[in-house]
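entry-v5.txt (compact mmCIF, C-alpha atoms and all ligand atoms) appears below.
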# COMPACT_ATOMS: atom_id res chain seq x y z
CA MET A 1 22.51 1.04 -4.67
CA GLU A 2 21.44 2.09 -1.19
CA HIS A 3 19.00 -0.15 0.70
CA TYR A 4 16.44 0.98 3.28
CA SER A 5 14.49 -1.11 5.76
CA ILE A 6 10.70 -1.10 5.67
CA HIS A 7 8.11 -2.86 7.80
CA LEU A 8 4.98 -4.39 6.33
CA THR A 9 2.21 -6.58 7.65
CA ILE A 10 1.18 -8.97 4.90
CA ASN A 11 -1.80 -11.25 5.50
CA GLY A 12 -1.43 -10.64 9.23
CA LYS A 13 2.28 -11.54 9.36
CA LYS A 14 4.91 -8.91 10.16
CA TYR A 15 7.91 -8.55 7.81
CA THR A 16 11.01 -6.39 7.55
CA PHE A 17 12.43 -5.95 4.04
CA PHE A 18 15.49 -4.20 2.67
CA VAL A 19 14.52 -2.29 -0.46
CA THR A 20 15.93 0.20 -2.92
CA GLU A 21 14.27 3.45 -3.95
CA GLU A 22 13.16 1.72 -7.14
CA ASP A 23 11.54 -1.38 -5.69
CA THR A 24 7.76 -1.44 -5.93
CA LEU A 25 5.32 -2.99 -3.52
CA LEU A 26 4.73 -5.64 -6.20
CA ASP A 27 8.48 -6.47 -6.29
CA VAL A 28 8.47 -6.89 -2.54
CA ILE A 29 5.35 -9.08 -2.49
CA ARG A 30 6.50 -11.38 -5.29
CA GLU A 31 10.26 -11.45 -4.98
CA LYS A 32 11.00 -10.79 -1.31
CA ALA A 33 7.92 -12.28 0.38
CA GLY A 34 7.61 -15.01 -2.27
CA LEU A 35 3.85 -14.46 -2.63
CA THR A 36 3.54 -15.03 -6.36
CA GLY A 37 -0.27 -15.21 -6.41
CA THR A 38 -0.19 -11.47 -7.14
CA LYS A 39 0.52 -11.14 -10.85
CA GLN A 40 2.59 -8.68 -12.86
CA GLY A 41 0.88 -7.68 -16.09
CA CYS A 42 1.51 -4.27 -17.62
CA GLY A 43 3.69 -2.97 -14.79
CA CYS A 44 2.27 0.54 -15.26
CA GLY A 45 -1.15 0.83 -13.64
CA GLN A 46 -3.27 -0.21 -16.62
CA CYS A 47 -4.37 -3.82 -16.06
CA GLY A 48 -5.06 -4.46 -12.36
CA ALA A 49 -3.35 -7.88 -12.35
CA CYS A 50 -1.20 -6.70 -9.43
CA THR A 51 -4.13 -5.55 -7.25
CA VAL A 52 -3.75 -6.05 -3.51
CA ILE A 53 -5.54 -4.45 -0.58
CA MET A 54 -3.39 -1.90 1.24
CA ASN A 55 -4.83 -0.26 4.35
CA GLN A 56 -8.34 -1.41 3.34
CA LYS A 57 -8.15 -0.06 -0.22
CA ALA A 58 -7.59 -1.93 -3.49
CA VAL A 59 -4.38 -0.61 -5.08
CA ASN A 60 -2.17 -1.43 -8.06
CA SER A 61 0.93 -2.67 -6.26
CA CYS A 62 3.10 -2.02 -9.34
CA CYS A 63 2.43 1.73 -8.92
CA ILE A 64 3.41 1.98 -5.26
CA LEU A 65 7.01 2.28 -4.24
CA ALA A 66 8.04 -0.05 -1.45
CA LEU A 67 9.22 2.97 0.53
CA GLN A 68 5.76 4.55 0.26
CA ALA A 69 4.19 1.36 1.63
CA ASP A 70 6.33 1.34 4.79
CA GLY A 71 4.15 0.61 7.84
CA SER A 72 1.16 -0.57 5.81
CA GLU A 73 -1.14 -3.54 6.20
CA VAL A 74 -1.38 -5.51 2.98
CA GLU A 75 -3.69 -8.36 1.98
CA THR A 76 -2.86 -10.56 -0.98
CA ILE A 77 -4.74 -13.45 -2.56
CA GLU A 78 -2.80 -15.88 -0.33
CA GLY A 79 -4.44 -14.23 2.69
CA LEU A 80 -7.83 -15.54 1.56
CA ASP A 81 -6.79 -19.16 1.99
CA SER A 82 -8.08 -20.81 5.11
CA PRO A 83 -7.55 -24.25 6.56
CA SER A 84 -11.28 -24.89 5.99
CA GLY A 85 -10.96 -24.29 2.24
CA LEU A 86 -11.60 -21.53 -0.25
CA HIS A 87 -12.90 -18.08 0.59
CA PRO A 88 -16.59 -17.54 -0.42
CA ILE A 89 -15.43 -15.07 -3.11
CA GLN A 90 -13.17 -17.74 -4.61
CA GLU A 91 -15.99 -20.30 -4.49
CA ALA A 92 -18.34 -17.87 -6.24
CA TYR A 93 -15.83 -17.19 -9.05
CA ILE A 94 -15.48 -20.93 -9.66
CA GLU A 95 -19.21 -21.65 -9.46
CA LYS A 96 -20.12 -18.84 -11.88
CA GLY A 97 -17.41 -19.76 -14.40
CA ALA A 98 -15.74 -16.36 -13.93
CA ILE A 99 -12.24 -17.80 -14.45
CA GLN A 100 -10.69 -18.83 -17.76
CA CYS A 101 -6.92 -18.38 -18.07
CA GLY A 102 -6.91 -17.08 -14.50
CA PHE A 103 -4.23 -14.42 -14.94
CA CYS A 104 -6.54 -11.55 -13.97
CA THR A 105 -8.27 -13.54 -11.23
CA PRO A 106 -6.16 -12.77 -8.13
CA GLY A 107 -6.42 -9.04 -8.86
CA MET A 108 -10.16 -9.31 -9.63
CA ILE A 109 -10.74 -11.17 -6.41
CA MET A 110 -8.84 -8.62 -4.33
CA SER A 111 -10.82 -5.77 -5.93
CA THR A 112 -13.97 -7.75 -5.18
CA LYS A 113 -12.95 -8.24 -1.56
CA ALA A 114 -12.15 -4.54 -1.12
CA LEU A 115 -15.58 -3.70 -2.56
CA LEU A 116 -17.53 -6.20 -0.44
CA ASP A 117 -15.62 -5.22 2.74
CA GLN A 118 -16.95 -1.66 2.27
CA ASN A 119 -20.25 -2.36 0.51
CA PRO A 120 -21.66 -5.83 1.22
CA GLN A 121 -24.59 -5.54 -1.25
CA PRO A 122 -23.30 -3.61 -4.27
CA SER A 123 -25.47 -2.90 -7.31
CA ARG A 124 -24.35 -4.02 -10.77
CA PRO A 125 -23.10 -0.48 -11.66
CA GLU A 126 -21.18 -0.33 -8.36
CA ILE A 127 -19.56 -3.68 -9.15
CA ARG A 128 -18.64 -2.48 -12.63
CA GLU A 129 -17.13 0.69 -11.21
CA ALA A 130 -15.14 -1.18 -8.52
CA LEU A 131 -13.69 -3.61 -11.09
CA SER A 132 -13.15 -1.02 -13.80
CA GLY A 133 -9.38 -1.05 -13.21
CA ASN A 134 -9.12 -4.82 -13.69
CA ILE A 135 -8.79 -5.99 -17.26
CA CYS A 136 -9.88 -9.50 -18.28
CA ARG A 137 -9.12 -10.69 -21.78
CA CYS A 138 -11.13 -13.90 -21.51
CA THR A 139 -14.47 -13.78 -19.76
CA GLY A 140 -16.36 -10.76 -21.10
CA TYR A 141 -17.00 -9.53 -17.50
CA THR A 142 -20.64 -10.71 -17.21
CA LYS A 143 -19.72 -13.88 -15.36
CA ILE A 144 -17.35 -11.91 -13.13
CA GLU A 145 -20.14 -9.50 -12.19
CA GLU A 146 -22.42 -12.47 -11.47
CA ALA A 147 -19.67 -13.98 -9.32
CA VAL A 148 -19.39 -10.79 -7.26
CA GLN A 149 -23.16 -10.84 -6.64
CA ALA A 150 -23.01 -14.52 -5.73
CA ALA A 151 -20.09 -13.83 -3.38
CA ALA A 152 -22.08 -11.05 -1.70
CA ALA A 153 -24.95 -13.48 -1.13
CA LYS A 154 -22.60 -16.15 0.27
CA LEU A 155 -20.94 -13.67 2.64
CA LYS A 156 -24.34 -12.48 3.85
CA GLU A 157 -25.27 -16.09 4.65
CA VAL A 158 -22.00 -16.63 6.51
CA SER A 159 -22.51 -13.47 8.56
CA HIS A 160 -26.05 -14.57 9.51
CA GLU A 161 -24.78 -17.99 10.61
CA SER A 162 -22.07 -16.55 12.87
S1 LIG B 1 0.75 -4.92 -13.40
FE1 LIG B 1 0.03 -3.37 -12.10
S2 LIG B 1 -1.64 -2.47 -13.16
FE2 LIG B 1 -0.83 -3.93 -14.57
S1 LIG B 2 -9.58 -15.07 -17.06
FE1 LIG B 2 -8.03 -14.70 -18.55
S2 LIG B 2 -7.59 -12.58 -18.35
FE2 LIG B 2 -9.30 -12.89 -17.08
Mind turning this structure into structure tokens?
Ligand code: FES
Ligand code: FES
Amino acid sequence: MEHYSIHLTINGKKYTFFVTEEDTLLDVIREKAGLTGTKQGCGCGQCGACTVIMNQKAVNSCCILALQADGSEVETIEGLDSPSGLHPIQEAYIEKGAIQCGFCTPGMIMSTKALLDQNPQPSRPEIREALSGNICRCTGYTKIEEAVQAAAAKLKEVSHES
């Protein structure tokens, strides 16, 4: 099968990958970049486990061909790590008990980040809408929505301090 080169920036680092017409962005992130924090669930756009931020928007990486993503900037859950510890969104999810099995969590957190990057103080309906593509089988969503509100408050505090 023919291979094509693509260029991606993932979590601020530049990469060149050789991909086929069939490879998805998710395949590239997990198998070629080795960033396995992004999960594969349904593989067909239904569950949101594979959510990453591409060019400032939350997307299902299983639904995007690697060739379509050429030249894009991508953020994955690994990009939230910092030497000083967890990202405020991650802290909020832990503090509010919004994680059980954790399989949906990286995707949830990336949808949360995309929302809060655009809308730092979302209402409960706006949170529900932004996370509507992310399925969680464990938590019942209430704690996740509380975590998003807590994350918004934490990020506001951080921005006032800096
Ligand atoms: S794995 Fe991509 S939406 Fe389910
Ligand atoms: S915590 Fe288990 S699927 Fe969401």
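Non-sequential neighbours of A:Asn119 (distance at most 12 Å, separation of 6 or more positions within a chain, only C-alpha atoms) are A:Ser111, A:Thr112, A:Lys113, A:Glu126, A:Ile127, A:Ala130, A:Val148, A:Gln149, A:Ala152, A:Leu155, A:Lys156.
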Deliver the residues from the most recent selection as a file, using C-alpha atoms, as a compact mmCIF listing (two decimals), in the coordinates of the input.
# COMPACT_ATOMS: atom_id res chain seq x y z
CA SER A 111 -10.82 -5.77 -5.93
CA THR A 112 -13.97 -7.75 -5.18
CA LYS A 113 -12.95 -8.24 -1.56
CA GLU A 126 -21.18 -0.33 -8.36
CA ILE A 127 -19.56 -3.68 -9.15
CA ALA A 130 -15.14 -1.18 -8.52
CA VAL A 148 -19.39 -10.79 -7.26
CA GLN A 149 -23.16 -10.84 -6.64
CA ALA A 152 -22.08 -11.05 -1.70
CA LEU A 155 -20.94 -13.67 2.64
CA LYS A 156 -24.34 -12.48 3.85
Quiz item: Suppose you want the space between atom CA of A:Ser132 and atom CA of A:Gly71; what is it in Å?
Solution: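 These atoms are spaced 27.8 Å apart.
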Exercise. Tell me which protein, DNA and RNA residues are within 10 Å of stretch 97-108 of chain A, counting only C-alpha atoms, leaving out same-chain ones fewer than 2 positions away, and put them as a ChimeraX atom specification.
Key: /A:37-41,47-53,58-60,76-78,90,92-95,110-114,130-148
Self-check item: Point-to-point distance from atom CA of A:Phe17 to atom CA of A:His87, Å rounded to tenths
Solution: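 We find that atom CA of A:Phe17 and atom CA of A:His87 lie 28.3 Å from each other.
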Quiz item: A:Tyr15: which residues within 12 Å, counting only C-alpha atoms, same-chain residues fewer than 6 positions away excluded, as a list of chain:residue names?
Solution: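 Once the nearby chain positions are removed, what remains is A:Ser5, A:Ile6, A:His7, A:Leu8, A:Thr9, A:Val28, A:Ile29, A:Lys32, A:Ala33, A:Gly34, A:Asp70, A:Gly71, A:Ser72, A:Glu73, A:Val74.
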Using C-alpha atoms, can you write the selected residues to a file as a short mmCIF file (atom, residue, chain, number, x, y, z; two decimals), in the coordinates of the input?
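Done, and the output landed in result_14.cif:
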data_model
loop_
_atom_site.label_atom_id
_atom_site.label_comp_id
_atom_site.auth_asym_id
_atom_site.auth_seq_id
_atom_site.Cartn_x
_atom_site.Cartn_y
_atom_site.Cartn_z
CA SER A 5 14.49 -1.11 5.76
CA ILE A 6 10.70 -1.10 5.67
CA HIS A 7 8.11 -2.86 7.80
CA LEU A 8 4.98 -4.39 6.33
CA THR A 9 2.21 -6.58 7.65
CA VAL A 28 8.47 -6.89 -2.54
CA ILE A 29 5.35 -9.08 -2.49
CA LYS A 32 11.00 -10.79 -1.31
CA ALA A 33 7.92 -12.28 0.38
CA GLY A 34 7.61 -15.01 -2.27
CA ASP A 70 6.33 1.34 4.79
CA GLY A 71 4.15 0.61 7.84
CA SER A 72 1.16 -0.57 5.81
CA GLU A 73 -1.14 -3.54 6.20
CA VAL A 74 -1.38 -5.51 2.98
#
Quiz item: Could you pull the residues within 9 Å of A:Cys62, counting all atoms listed in the file, minus those fewer than 6 positions along the same chain, as a VMD selection string?
Solution: chain A and resid 24 to 27 40 42 to 45 50 to 51
Residues of the last selection are to be written out with C-alpha atoms, as a CSV table (one decimal), keeping the file's coordinate frame.
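Heads up, here's the output in result26.csv:
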chain,number,residue,atom,x,y,z
A,24,THR,CA,7.8,-1.4,-5.9
A,25,LEU,CA,5.3,-3.0,-3.5
A,26,LEU,CA,4.7,-5.6,-6.2
A,27,ASP,CA,8.5,-6.5,-6.3
A,40,GLN,CA,2.6,-8.7,-12.9
A,42,CYS,CA,1.5,-4.3,-17.6
A,43,GLY,CA,3.7,-3.0,-14.8
A,44,CYS,CA,2.3,0.5,-15.3
A,45,GLY,CA,-1.2,0.8,-13.6
A,50,CYS,CA,-1.2,-6.7,-9.4
A,51,THR,CA,-4.1,-5.6,-7.2
Quiz item: Expressed in Å to a single decimal, how great is the separation between atom CA of A:Gly12 and atom CA of A:Lys154?
Solution: 23.6 Å
Practice problem: With a distance cut-off of 10 Å and all atoms listed in the file, select the neighbouring residues of A:Glu21, excluding the residue or stretch itself and same-chain residues fewer than 6 positions from it, and output the selection as a list of chain:residue names. | Solution: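 With the cut-off at 10 Å, the set is A:Met1, A:Glu2, A:His3, A:Tyr4, A:Leu65, A:Ala66, A:Leu67, A:Gln68.
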Since we have the selection now, will you write its residues out, keeping C-alpha atoms, as a CSV table (one decimal), in the frame of the given file?
chain,number,residue,atom,x,y,z
A,1,MET,CA,22.5,1.0,-4.7
A,2,GLU,CA,21.4,2.1,-1.2
A,3,HIS,CA,19.0,-0.2,0.7
A,4,TYR,CA,16.4,1.0,3.3
A,65,LEU,CA,7.0,2.3,-4.2
A,66,ALA,CA,8.0,0.0,-1.4
A,67,LEU,CA,9.2,3.0,0.5
A,68,GLN,CA,5.8,4.6,0.3
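Here the question is which of A:Gln118, A:Ser82, A:Thr20, A:Gln46 gets nearest to ligand LIG 1 (chain B) using all atoms listed in the file, and that residue is A:Gln46.
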Kindly list the centre and edge lengths in Å, rounded to one decimal, for the axis-aligned box that covers all listed atoms of ligand LIG 2 (chain B) plus 8 Å on each of its six sides, as JSON.
{"center_x": -8.6, "center_y": -13.8, "center_z": -17.8, "size_x": 18.0, "size_y": 18.5, "size_z": 17.5}
Quiz item: Given the choices A:Arg30, A:Lys96, A:Arg124, A:His160, which gets closest to ligand LIG 1 (chain B) if the distance is worked out from all atoms listed in the file?
Solution: A:Arg30
Practice problem: Could you check which of A:Ile109, A:Val158, A:Leu115, A:Met54 is closest to ligand LIG 2 (chain B), using only C-alpha atoms and all ligand atoms? | Solution: A:Ile109
Practice problem: Give the answer as one residue: which of A:Leu116, A:Ala69, A:Cys63, A:Ile89 has the shortest atom-to-atom distance to ligand LIG 1 (chain B), using only C-alpha atoms and all ligand atoms? | Solution: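 Comparing A:Leu116, A:Ala69, A:Cys63, A:Ile89 against ligand LIG 1 (chain B), the winner is A:Cys63.
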Exercise. Would you please work out which residue, of A:Thr36, A:Ser162, A:Ser61, A:Asn55, is nearest to ligand LIG 1 (chain B) when using all atoms listed in the file?
Key: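 With all atoms listed in the file as the atom set, the closest residue is A:Ser61.
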Quiz prompt | Nearest to ligand LIG 1 (chain B), chosen from A:Ile64, A:Leu35, A:Ala150, A:Ile10, with all atoms listed in the file counted in the distances | solution =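 The answer is A:Ile64, which sits nearest to ligand LIG 1 (chain B).
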